file final-v9.txt (compact mmCIF, C-alpha atoms)
# COMPACT_ATOMS: atom_id res chain seq x y z
CA MET A 1 16.33 4.87 11.95
CA ARG A 2 13.40 7.22 12.48
CA GLU A 3 10.42 6.59 10.22
CA LEU A 4 8.77 9.39 8.27
CA SER A 5 5.34 10.56 9.31
CA ARG A 6 2.46 9.98 6.93
CA GLU A 7 2.42 13.65 5.86
CA ASN A 8 6.17 13.76 5.21
CA GLU A 9 6.00 10.48 3.34
CA GLU A 10 3.28 11.83 1.07
CA VAL A 11 5.31 14.98 0.40
CA LEU A 12 8.32 12.84 -0.48
CA HIS A 13 6.24 10.80 -2.93
CA LEU A 14 4.91 13.96 -4.57
CA PHE A 15 8.46 15.31 -4.88
CA ILE A 16 9.66 12.09 -6.58
CA ILE A 17 6.79 12.15 -9.07
CA ALA A 18 7.29 15.87 -9.77
CA ALA A 19 11.03 15.37 -10.30
CA ALA A 20 10.41 12.52 -12.76
CA SER A 21 7.77 14.57 -14.60
CA ILE A 22 9.94 17.69 -14.83
CA GLY A 23 12.83 15.56 -16.05
CA ALA A 24 10.63 14.09 -18.80
CA VAL A 25 9.40 17.54 -19.86
CA ILE A 26 12.92 19.06 -19.94
CA THR A 27 14.20 16.09 -21.93
CA THR A 28 11.31 16.45 -24.37
CA VAL A 29 12.03 20.14 -24.97
CA PHE A 30 15.73 19.44 -25.43
CA SER A 31 15.07 16.55 -27.82
CA LEU A 32 12.56 18.47 -29.94
CA THR A 33 14.84 21.49 -30.24
CA HIS A 34 17.74 19.27 -31.33
CA GLY A 35 15.90 17.02 -33.76
CA ILE A 36 15.74 13.90 -31.53
CA PHE A 37 12.37 12.12 -31.71
CA GLU A 38 12.89 8.47 -30.70
CA ILE A 39 13.81 8.40 -26.99
CA PHE A 40 11.95 10.96 -24.90
CA PRO A 41 8.43 9.38 -25.04
CA PHE A 42 9.67 6.49 -22.90
CA LEU A 43 10.60 8.90 -20.12
CA TYR A 44 6.89 9.59 -19.47
CA ILE A 45 6.26 6.00 -18.45
CA LEU A 46 8.34 6.43 -15.27
CA PRO A 47 6.19 9.17 -13.63
CA ILE A 48 3.04 7.26 -14.62
CA ILE A 49 4.29 4.10 -12.90
CA LEU A 50 5.35 6.12 -9.85
CA SER A 51 1.91 7.70 -9.61
CA VAL A 52 0.30 4.25 -9.82
CA TYR A 53 2.59 2.98 -7.07
CA PHE A 54 2.19 5.92 -4.68
CA PHE A 55 -1.34 7.19 -5.50
CA PRO A 56 -3.27 4.50 -7.43
CA GLN A 57 -6.63 6.26 -7.02
CA ARG A 58 -5.31 9.38 -8.80
CA ALA A 59 -3.11 7.66 -11.36
CA VAL A 60 -5.62 7.91 -14.22
CA LEU A 61 -5.96 11.68 -13.84
CA PHE A 62 -2.19 12.02 -13.60
CA SER A 63 -1.73 9.90 -16.74
CA LEU A 64 -4.19 12.13 -18.56
CA GLY A 65 -2.36 15.25 -17.38
CA ILE A 66 1.14 14.03 -18.25
CA GLY A 67 -0.14 12.72 -21.60
CA LEU A 68 -1.68 16.09 -22.47
CA THR A 69 1.60 17.77 -21.47
CA TYR A 70 3.51 15.46 -23.79
CA ILE A 71 1.26 15.93 -26.80
CA GLY A 72 1.06 19.68 -26.11
CA LEU A 73 4.85 19.94 -26.34
CA ILE A 74 4.80 18.01 -29.64
CA TYR A 75 2.23 20.38 -31.09
CA LEU A 76 4.16 23.36 -29.76
CA TYR A 77 7.60 22.42 -31.10
CA ASP A 78 6.86 20.12 -34.03
CA PHE A 79 3.33 20.83 -35.26
CA THR A 80 4.46 21.04 -38.90
CA ASN A 81 5.42 17.34 -39.07
CA PRO A 82 2.24 15.19 -39.45
CA GLU A 83 4.18 11.94 -38.90
CA HIS A 84 5.43 13.10 -35.51
CA ILE A 85 1.95 14.32 -34.62
CA ALA A 86 0.51 10.88 -35.41
CA ILE A 87 3.19 9.12 -33.38
CA ALA A 88 2.64 11.51 -30.47
CA THR A 89 -1.11 10.80 -30.56
CA ALA A 90 -0.40 7.06 -30.39
CA TRP A 91 1.93 7.61 -27.43
CA PHE A 92 -0.75 9.68 -25.73
CA ALA A 93 -3.16 6.73 -26.04
CA ILE A 94 -0.49 4.38 -24.69
CA PHE A 95 0.06 6.61 -21.65
CA ILE A 96 -3.67 6.61 -20.88
CA ILE A 97 -3.93 2.84 -21.29
CA ILE A 98 -0.95 2.27 -19.01
CA GLY A 99 -2.44 4.54 -16.37
CA VAL A 100 -5.93 3.02 -16.52
CA VAL A 101 -4.90 -0.64 -16.56
CA SER A 102 -2.12 -0.43 -13.99
CA SER A 103 -4.15 1.74 -11.61
CA SER A 104 -7.12 -0.65 -11.77
CA TYR A 105 -4.86 -3.55 -10.84
CA ALA A 106 -3.21 -1.48 -8.11
CA ILE A 107 -6.58 -0.44 -6.65
CA ARG A 108 -7.78 -4.04 -6.69
CA LEU A 109 -4.59 -5.16 -4.98
CA LEU A 110 -4.92 -2.38 -2.40
CA GLU A 111 -8.52 -3.39 -1.66
CA GLU A 112 -7.46 -7.02 -1.25
CA GLN A 113 -4.63 -5.95 1.04
CA THR A 114 -7.06 -3.89 3.13
CA ARG A 115 -9.48 -6.82 3.33
CA ILE A 116 -6.75 -9.23 4.45
CA LYS A 117 -5.46 -6.70 6.99
CA SER A 118 -8.98 -6.30 8.39
CA ILE A 119 -9.36 -10.08 8.69
CA LEU A 120 -6.02 -10.42 10.48
CA ASP A 121 -6.69 -7.48 12.80
CA ASN A 122 -10.07 -8.85 13.84
CA SER A 123 -9.02 -12.49 14.05
CA GLN A 124 -9.74 -14.28 17.32
CA ASP A 125 -6.28 -15.84 17.05
CA GLY A 126 -3.21 -13.78 17.84
CA ILE A 127 -1.22 -12.80 14.74
CA LEU A 128 2.46 -11.96 15.02
CA CYS A 129 4.85 -11.06 12.19
CA PHE A 130 8.61 -10.81 12.63
CA ASP A 131 11.79 -10.55 10.59
CA LEU A 132 13.66 -13.86 10.42
CA SER A 133 17.15 -12.38 10.06
CA GLY A 134 17.05 -9.86 12.93
CA LEU A 135 14.04 -11.22 14.89
CA GLN A 136 12.45 -7.75 15.02
CA ILE A 137 8.68 -7.66 15.45
CA LEU A 138 7.06 -6.19 12.32
CA GLY A 139 3.45 -6.29 13.40
CA VAL A 140 0.84 -7.74 15.74
CA ASN A 141 -2.93 -7.79 15.55
CA ILE A 142 -5.33 -6.46 18.16
CA LYS A 143 -5.96 -9.81 19.86
CA CYS A 144 -2.27 -10.62 20.33
CA ALA A 145 -1.56 -7.14 21.71
CA GLN A 146 -4.45 -7.48 24.17
CA TRP A 147 -3.18 -10.83 25.42
CA LEU A 148 0.28 -9.38 26.00
CA ARG A 149 -1.05 -6.14 27.57
CA TYR A 150 0.74 -3.95 24.99
CA ASP A 151 -0.33 -1.25 22.58
CA ARG A 152 0.41 -2.49 19.08
CA VAL A 153 2.85 0.35 18.30
CA GLU A 154 4.87 -0.47 21.44
CA LEU A 155 5.94 -3.81 19.98
CA LEU A 156 6.88 -2.62 16.49
CA GLY A 157 10.63 -2.89 15.96
CA LYS A 158 11.19 -4.65 19.31
CA ASP A 159 13.18 -7.87 19.51
CA LEU A 160 11.18 -11.08 19.72
CA SER A 161 12.90 -11.91 23.02
CA VAL A 162 10.95 -9.07 24.69
CA ILE A 163 7.81 -11.22 24.68
CA TRP A 164 9.24 -14.71 24.09
CA THR A 165 11.69 -14.83 26.96
CA GLU A 166 12.60 -18.53 26.98
CA PRO A 167 15.77 -18.80 24.83
CA SER A 168 15.64 -22.56 24.22
CA GLU A 169 12.04 -22.50 22.97
CA ARG A 170 12.59 -19.41 20.84
CA ASP A 171 15.89 -20.53 19.31
CA GLN A 172 14.52 -23.97 18.46
CA PHE A 173 11.46 -22.41 16.84
CA VAL A 174 13.56 -20.03 14.71
CA SER A 175 15.94 -22.83 13.78
CA ASP A 176 13.05 -25.01 12.59
CA ILE A 177 11.76 -22.16 10.43
CA ARG A 178 15.16 -21.61 8.84
CA ASN A 179 15.46 -25.34 8.17
CA GLY A 180 12.13 -25.29 6.38
CA SER A 181 10.30 -27.69 8.69
CA PRO A 182 6.76 -28.25 7.29
CA GLY A 183 3.66 -27.69 9.43
CA LEU A 184 5.69 -26.00 12.14
CA GLU A 185 3.83 -25.73 15.45
CA THR A 186 5.18 -25.39 18.96
CA GLU A 187 4.16 -24.44 22.48
CA GLY A 188 5.87 -21.48 24.15
CA VAL A 189 5.67 -19.26 27.21
CA PHE A 190 5.29 -15.51 26.49
CA ARG A 191 5.70 -12.69 28.96
CA SER A 192 3.21 -9.81 28.89
CA LYS A 193 3.93 -6.19 29.72
CA ASP A 194 2.79 -6.60 33.33
CA GLY A 195 5.07 -9.62 33.82
CA SER A 196 2.39 -12.30 33.73
CA LEU A 197 3.12 -15.46 31.74
CA HIS A 198 0.97 -16.82 28.94
CA ARG A 199 1.29 -20.20 27.28
CA PHE A 200 0.70 -20.04 23.52
CA ILE A 201 0.47 -22.63 20.79
CA VAL A 202 2.35 -20.96 17.92
CA SER A 203 2.27 -22.00 14.27
CA ALA A 204 4.46 -20.27 11.66
CA GLU A 205 4.51 -19.67 7.92
CA LEU A 206 7.43 -18.16 6.01
CA VAL A 207 5.55 -15.74 3.73
CA THR A 208 8.66 -14.14 2.19
CA ARG A 209 12.36 -14.81 2.38
CA ASN A 210 12.80 -13.08 5.75
CA ARG A 211 9.24 -12.48 6.94
CA VAL A 212 7.50 -14.96 9.23
CA LEU A 213 3.76 -14.85 9.94
CA CYS A 214 2.75 -16.59 13.16
CA SER A 215 -0.64 -17.59 14.49
CA ALA A 216 -0.86 -17.84 18.28
CA VAL A 217 -3.58 -19.33 20.49
CA ASP A 218 -3.60 -18.57 24.21
CA ILE A 219 -4.04 -21.84 26.11
CA THR A 220 -3.07 -20.45 29.51
CA GLY A 221 -6.54 -20.86 31.01
CA SER A 222 -7.13 -24.33 29.64
CA LYS A 223 -3.62 -25.36 30.73
CA ILE A 224 -4.33 -24.24 34.29
CA VAL A 225 -7.67 -26.07 34.27
CA ASP A 226 -6.02 -29.22 32.92
CA GLU A 227 -3.34 -29.06 35.60
CA GLU A 228 -5.96 -28.52 38.34
CA ILE A 229 -8.02 -31.45 37.03
CA LYS A 230 -4.92 -33.62 36.90
CA LYS A 231 -3.99 -32.60 40.46
CA THR A 232 -7.53 -33.30 41.68
CA LEU A 233 -7.53 -36.73 40.05
CA GLU A 234 -4.16 -37.52 41.59
CA ASN A 235 -5.48 -36.46 45.03
CA LEU A 236 -8.59 -38.60 44.59
CA GLU A 237 -6.48 -41.55 43.50
CA GLU A 238 -4.24 -41.12 46.54
CA GLN A 239 -7.29 -40.97 48.82
CA VAL A 240 -8.73 -44.11 47.20
CA ARG A 241 -5.43 -45.95 47.70
CA ALA A 242 -5.26 -44.85 51.33
CA ARG A 243 -8.89 -45.83 51.95
CA THR A 244 -8.36 -49.19 50.26
CA ALA A 245 -5.28 -49.88 52.38
CA HIS A 246 -7.26 -48.95 55.52
CA LEU A 247 -10.13 -51.24 54.56
CA GLU A 248 -7.71 -54.08 53.81
CA LYS A 249 -6.14 -53.60 57.23
CA ILE A 250 -9.54 -53.67 58.95
CA ASN A 251 -10.52 -56.72 56.94
CA ALA A 252 -7.33 -58.53 57.98
CA GLN A 253 -8.02 -57.64 61.63
CA LEU A 254 -11.61 -58.91 61.38
CA GLN A 255 -10.49 -62.14 59.76
CA ALA A 256 -7.88 -62.68 62.50
CA GLU A 257 -10.48 -61.99 65.20
CA ILE A 258 -12.96 -64.39 63.59
CA LEU A 259 -10.33 -67.15 63.42
CA GLU A 260 -9.42 -66.57 67.06
CA ARG A 261 -13.06 -66.81 68.17
CA ARG A 262 -13.51 -69.99 66.15
CA ARG A 263 -10.53 -71.58 67.88
CA ALA A 264 -11.85 -70.56 71.32
CA THR A 265 -15.30 -71.94 70.58
CA LYS A 266 -13.91 -75.20 69.27
CA SER A 267 -11.71 -75.68 72.31
CA ILE A 268 -14.68 -75.13 74.63
CA LEU A 269 -17.05 -77.48 72.81
CA SER A 270 -14.62 -80.39 72.20
CA PRO A 271 -14.29 -83.00 75.29
CA GLU A 272 -11.00 -83.16 77.10
CA PRO A 273 -9.09 -86.48 76.61
CA ALA A 274 -8.69 -88.82 79.73
CA SER A 275 -5.40 -88.76 81.50
CA LYS A 276 -3.10 -91.85 81.91
CA SER A 277 -3.37 -92.02 85.78
CA ASP A 278 -7.14 -92.24 85.58
CA LEU A 279 -6.93 -95.19 83.25
CA GLU A 280 -4.56 -97.13 85.61
CA GLY A 281 -6.86 -96.63 88.64
CA ASP A 282 -9.78 -98.17 86.83
CA GLU A 283 -7.84 -101.34 86.28

call {"tool": "encode", "arguments": {"input": "final-v9.txt", "output": "structure tokens"}}
result
Amino acid sequence: MRELSRENEEVLHLFIIAAASIGAVITTVFSLTHGIFEIFPFLYILPIILSVYFFPQRAVLFSLGIGLTYIGLIYLYDFTNPEHIAIATAWFAIFIIIGVVSSSYAIRLLEEQTRIKSILDNSQDGILCFDLSGLQILGVNIKCAQWLRYDRVELLGKDLSVIWTEPSERDQFVSDIRNGSPGLETEGVFRSKDGSLHRFIVSAELVTRNRVLCSAVDITGSKIVDEEIKKTLENLEEQVRARTAHLEKINAQLQAEILERRRATKSILSPEPASKSDLEGDE
């Protein structure tokens, strides 16, 4: 489904508020001309709430305008009844209070949302948000997009498998989230736009029923360094074993040579025993 542009979305919001306001005004005129005075004031709350939701910064002015429209219609159609005038004045105050209080809360919430969004966008960790039911990517921050060599808008709406290509890792991770595993953290291999592979440590938090917020740390470089160090240590260990074996062999040869020389020296220095024939001749 194609999303509306910002301009079209704003026009749609204005149309909804205008329709609700016109409906309230028409109902007010009809009610006043037919002697109905209890229901129509409540219809003005809807456009006020809509204005707070869509345009919180302008909601107070809108509440003032719709309130003046309401009380103006009362004065126009029922100015002879002081009781209705008093009630209309009270409703006018209620409309203003609703607009002021709700818009202040909405503005504060919007500012907090903007602050949190700024923190996430500028985080040194990669931030990834996806839908748990369909596994569509809902958003990524700048750092995560840079690691994966994508523009942020290119990933919106894409399936998670586009960047997390290993099915076993991905399926196990999603299964653990759905099972509510606490402190969920895993290591996965992600594929960037240019085809290069990145190893991430990914931790997840289920922020709503179907929305998962993930924090990712790229450990590709450190993983390569660790593997190179491990390989170097293994090579050194192999060289030490080979050198030790060679030295042991040389040592064994030297010991054998020393023993042989000792035997030769001993045989030379020791006197030869007299033979039996020599002994008989002496007799």

call {"tool": "atom_distance", "arguments": {"input": "final-v9.txt", "atom1": "CA of Ile219 (chain A)", "atom2": "CA of Phe200 (chain A)"}}
result
5.7 Å

call {"tool": "closest_residue", "arguments": {"input": "final-v9.txt", "among": "A:Pro82, A:Glu205, A:Asn141, A:Ser133", "to": "Ile116 (chain A)", "atoms": "only C-alpha atoms"}}
result
A:Asn141

call {"tool": "closest_residue", "arguments": {"input": "final-v9.txt", "among": "A:Ser31, A:Gln239, A:Gln136, A:Ser102", "to": "Ile45 (chain A)", "atoms": "all atoms listed in the file"}}
result
A:Ser102

call {"tool": "closest_residue", "arguments": {"input": "final-v9.txt", "among": "A:Cys129, A:Ala264, A:Cys144, A:Leu135", "to": "Val207 (chain A)", "atoms": "all atoms listed in the file"}}
result
A:Cys129

call {"tool": "closest_residue", "arguments": {"input": "final-v9.txt", "among": "A:Val60, A:Ile66, A:Leu46, A:Ala24", "to": "Gly99 (chain A)", "atoms": "all atoms listed in the file"}}
result
A:Val60

call {"tool": "atom_distance", "arguments": {"input": "final-v9.txt", "atom1": "CA of Leu156 (chain A)", "atom2": "CA of Asp121 (chain A)"}}
result
14.9 Å

call {"tool": "closest_residue", "arguments": {"input": "final-v9.txt", "among": "A:Phe42, A:Tyr75, A:Phe37, A:Phe55", "to": "Glu9 (chain A)", "atoms": "all atoms listed in the file"}}
result
A:Phe55

call {"tool": "residues_around", "arguments": {"input": "final-v9.txt", "residues": "Gln146 (chain A)", "least_positions_apart": "2", "cutoff": "12 Å", "atoms": "only C-alpha atoms", "output": "PyMOL selection string"}}
result
chain A and resi 121-122+124-127+140-144+148-152+154-155+192-194+198+218

call {"tool": "write_last_selection", "arguments": {"input": "final-v9.txt", "atoms": "C-alpha atoms", "output": "PDB file, keeping the file's coordinate frame"}}
result
ATOM      1  CA  ASP A 121      -6.690  -7.480  12.800  1.00  0.00           C
ATOM      2  CA  ASN A 122     -10.070  -8.850  13.840  1.00  0.00           C
ATOM      3  CA  GLN A 124      -9.740 -14.280  17.320  1.00  0.00           C
ATOM      4  CA  ASP A 125      -6.280 -15.840  17.050  1.00  0.00           C
ATOM      5  CA  GLY A 126      -3.210 -13.780  17.840  1.00  0.00           C
ATOM      6  CA  ILE A 127      -1.220 -12.800  14.740  1.00  0.00           C
ATOM      7  CA  VAL A 140       0.840  -7.740  15.740  1.00  0.00           C
ATOM      8  CA  ASN A 141      -2.930  -7.790  15.550  1.00  0.00           C
ATOM      9  CA  ILE A 142      -5.330  -6.460  18.160  1.00  0.00           C
ATOM     10  CA  LYS A 143      -5.960  -9.810  19.860  1.00  0.00           C
ATOM     11  CA  CYS A 144      -2.270 -10.620  20.330  1.00  0.00           C
ATOM     12  CA  LEU A 148       0.280  -9.380  26.000  1.00  0.00           C
ATOM     13  CA  ARG A 149      -1.050  -6.140  27.570  1.00  0.00           C
ATOM     14  CA  TYR A 150       0.740  -3.950  24.990  1.00  0.00           C
ATOM     15  CA  ASP A 151      -0.330  -1.250  22.580  1.00  0.00           C
ATOM     16  CA  ARG A 152       0.410  -2.490  19.080  1.00  0.00           C
ATOM     17  CA  GLU A 154       4.870  -0.470  21.440  1.00  0.00           C
ATOM     18  CA  LEU A 155       5.940  -3.810  19.980  1.00  0.00           C
ATOM     19  CA  SER A 192       3.210  -9.810  28.890  1.00  0.00           C
ATOM     20  CA  LYS A 193       3.930  -6.190  29.720  1.00  0.00           C
ATOM     21  CA  ASP A 194       2.790  -6.600  33.330  1.00  0.00           C
ATOM     22  CA  HIS A 198       0.970 -16.820  28.940  1.00  0.00           C
ATOM     23  CA  ASP A 218      -3.600 -18.570  24.210  1.00  0.00           C
TER      24      ASP A 218
END

call {"tool": "residues_around", "arguments": {"input": "final-v9.txt", "residues": "Leu61 (chain A)", "least_positions_apart": "4", "cutoff": "12 Å", "atoms": "only C-alpha atoms", "output": "list in words"}}
result
Ile48, Ser51, Val52, Phe55, Pro56, Gln57, Gly65, Ile66, Gly67, Leu68, Phe95, Ile96, Ile97, Ile98, Gly99, Val100 and Ser103 of chain A

call {"tool": "residues_around", "arguments": {"input": "final-v9.txt", "residues": "Tyr77 (chain A)", "least_positions_apart": "6", "cutoff": "9 Å", "atoms": "all atoms listed in the file", "output": "list in words"}}
result
Val29, Leu32 and Thr33 of chain A

call {"tool": "decode", "arguments": {"input": "final-v9.txt", "residues": "region 9-21 of chain A", "atoms": "N, CA, C and O atoms", "output": "short mmCIF file (atom, residue, chain, number, x, y, z; two decimals), in the first residue's frame"}}
result
data_model
loop_
_atom_site.label_atom_id
_atom_site.label_comp_id
_atom_site.auth_asym_id
_atom_site.auth_seq_id
_atom_site.Cartn_x
_atom_site.Cartn_y
_atom_site.Cartn_z
N GLU A 9 -1.00 14.07 3.54
CA GLU A 9 -1.42 13.65 4.87
C GLU A 9 -1.95 14.84 5.67
O GLU A 9 -2.96 14.74 6.37
N GLU A 10 -1.29 15.97 5.53
CA GLU A 10 -1.75 17.17 6.24
C GLU A 10 -3.10 17.63 5.70
O GLU A 10 -3.98 18.05 6.47
N VAL A 11 -3.28 17.56 4.40
CA VAL A 11 -4.58 17.93 3.80
C VAL A 11 -5.68 17.00 4.31
O VAL A 11 -6.79 17.44 4.63
N LEU A 12 -5.37 15.72 4.40
CA LEU A 12 -6.35 14.76 4.91
C LEU A 12 -6.73 15.08 6.35
O LEU A 12 -7.92 15.03 6.72
N HIS A 13 -5.76 15.42 7.17
CA HIS A 13 -6.04 15.77 8.56
C HIS A 13 -6.92 17.01 8.65
O HIS A 13 -7.88 17.05 9.46
N LEU A 14 -6.62 18.01 7.83
CA LEU A 14 -7.44 19.22 7.82
C LEU A 14 -8.87 18.92 7.38
O LEU A 14 -9.84 19.47 7.93
N PHE A 15 -9.01 18.03 6.41
CA PHE A 15 -10.35 17.65 5.93
C PHE A 15 -11.14 16.96 7.04
O PHE A 15 -12.33 17.22 7.23
N ILE A 16 -10.50 16.07 7.79
CA ILE A 16 -11.18 15.36 8.88
C ILE A 16 -11.64 16.34 9.95
O ILE A 16 -12.79 16.27 10.43
N ILE A 17 -10.76 17.27 10.33
CA ILE A 17 -11.13 18.25 11.35
C ILE A 17 -12.25 19.15 10.86
O ILE A 17 -13.20 19.46 11.59
N ALA A 18 -12.17 19.59 9.59
CA ALA A 18 -13.21 20.45 9.03
C ALA A 18 -14.55 19.73 8.97
O ALA A 18 -15.60 20.31 9.30
N ALA A 19 -14.52 18.44 8.57
CA ALA A 19 -15.76 17.67 8.51
C ALA A 19 -16.40 17.54 9.90
O ALA A 19 -17.62 17.70 10.05
N ALA A 20 -15.58 17.26 10.92
CA ALA A 20 -16.11 17.15 12.28
C ALA A 20 -16.66 18.49 12.77
O ALA A 20 -17.71 18.54 13.43
N SER A 21 -15.98 19.58 12.43
CA SER A 21 -16.43 20.90 12.87
C SER A 21 -17.74 21.30 12.18
O SER A 21 -18.67 21.80 12.82
#
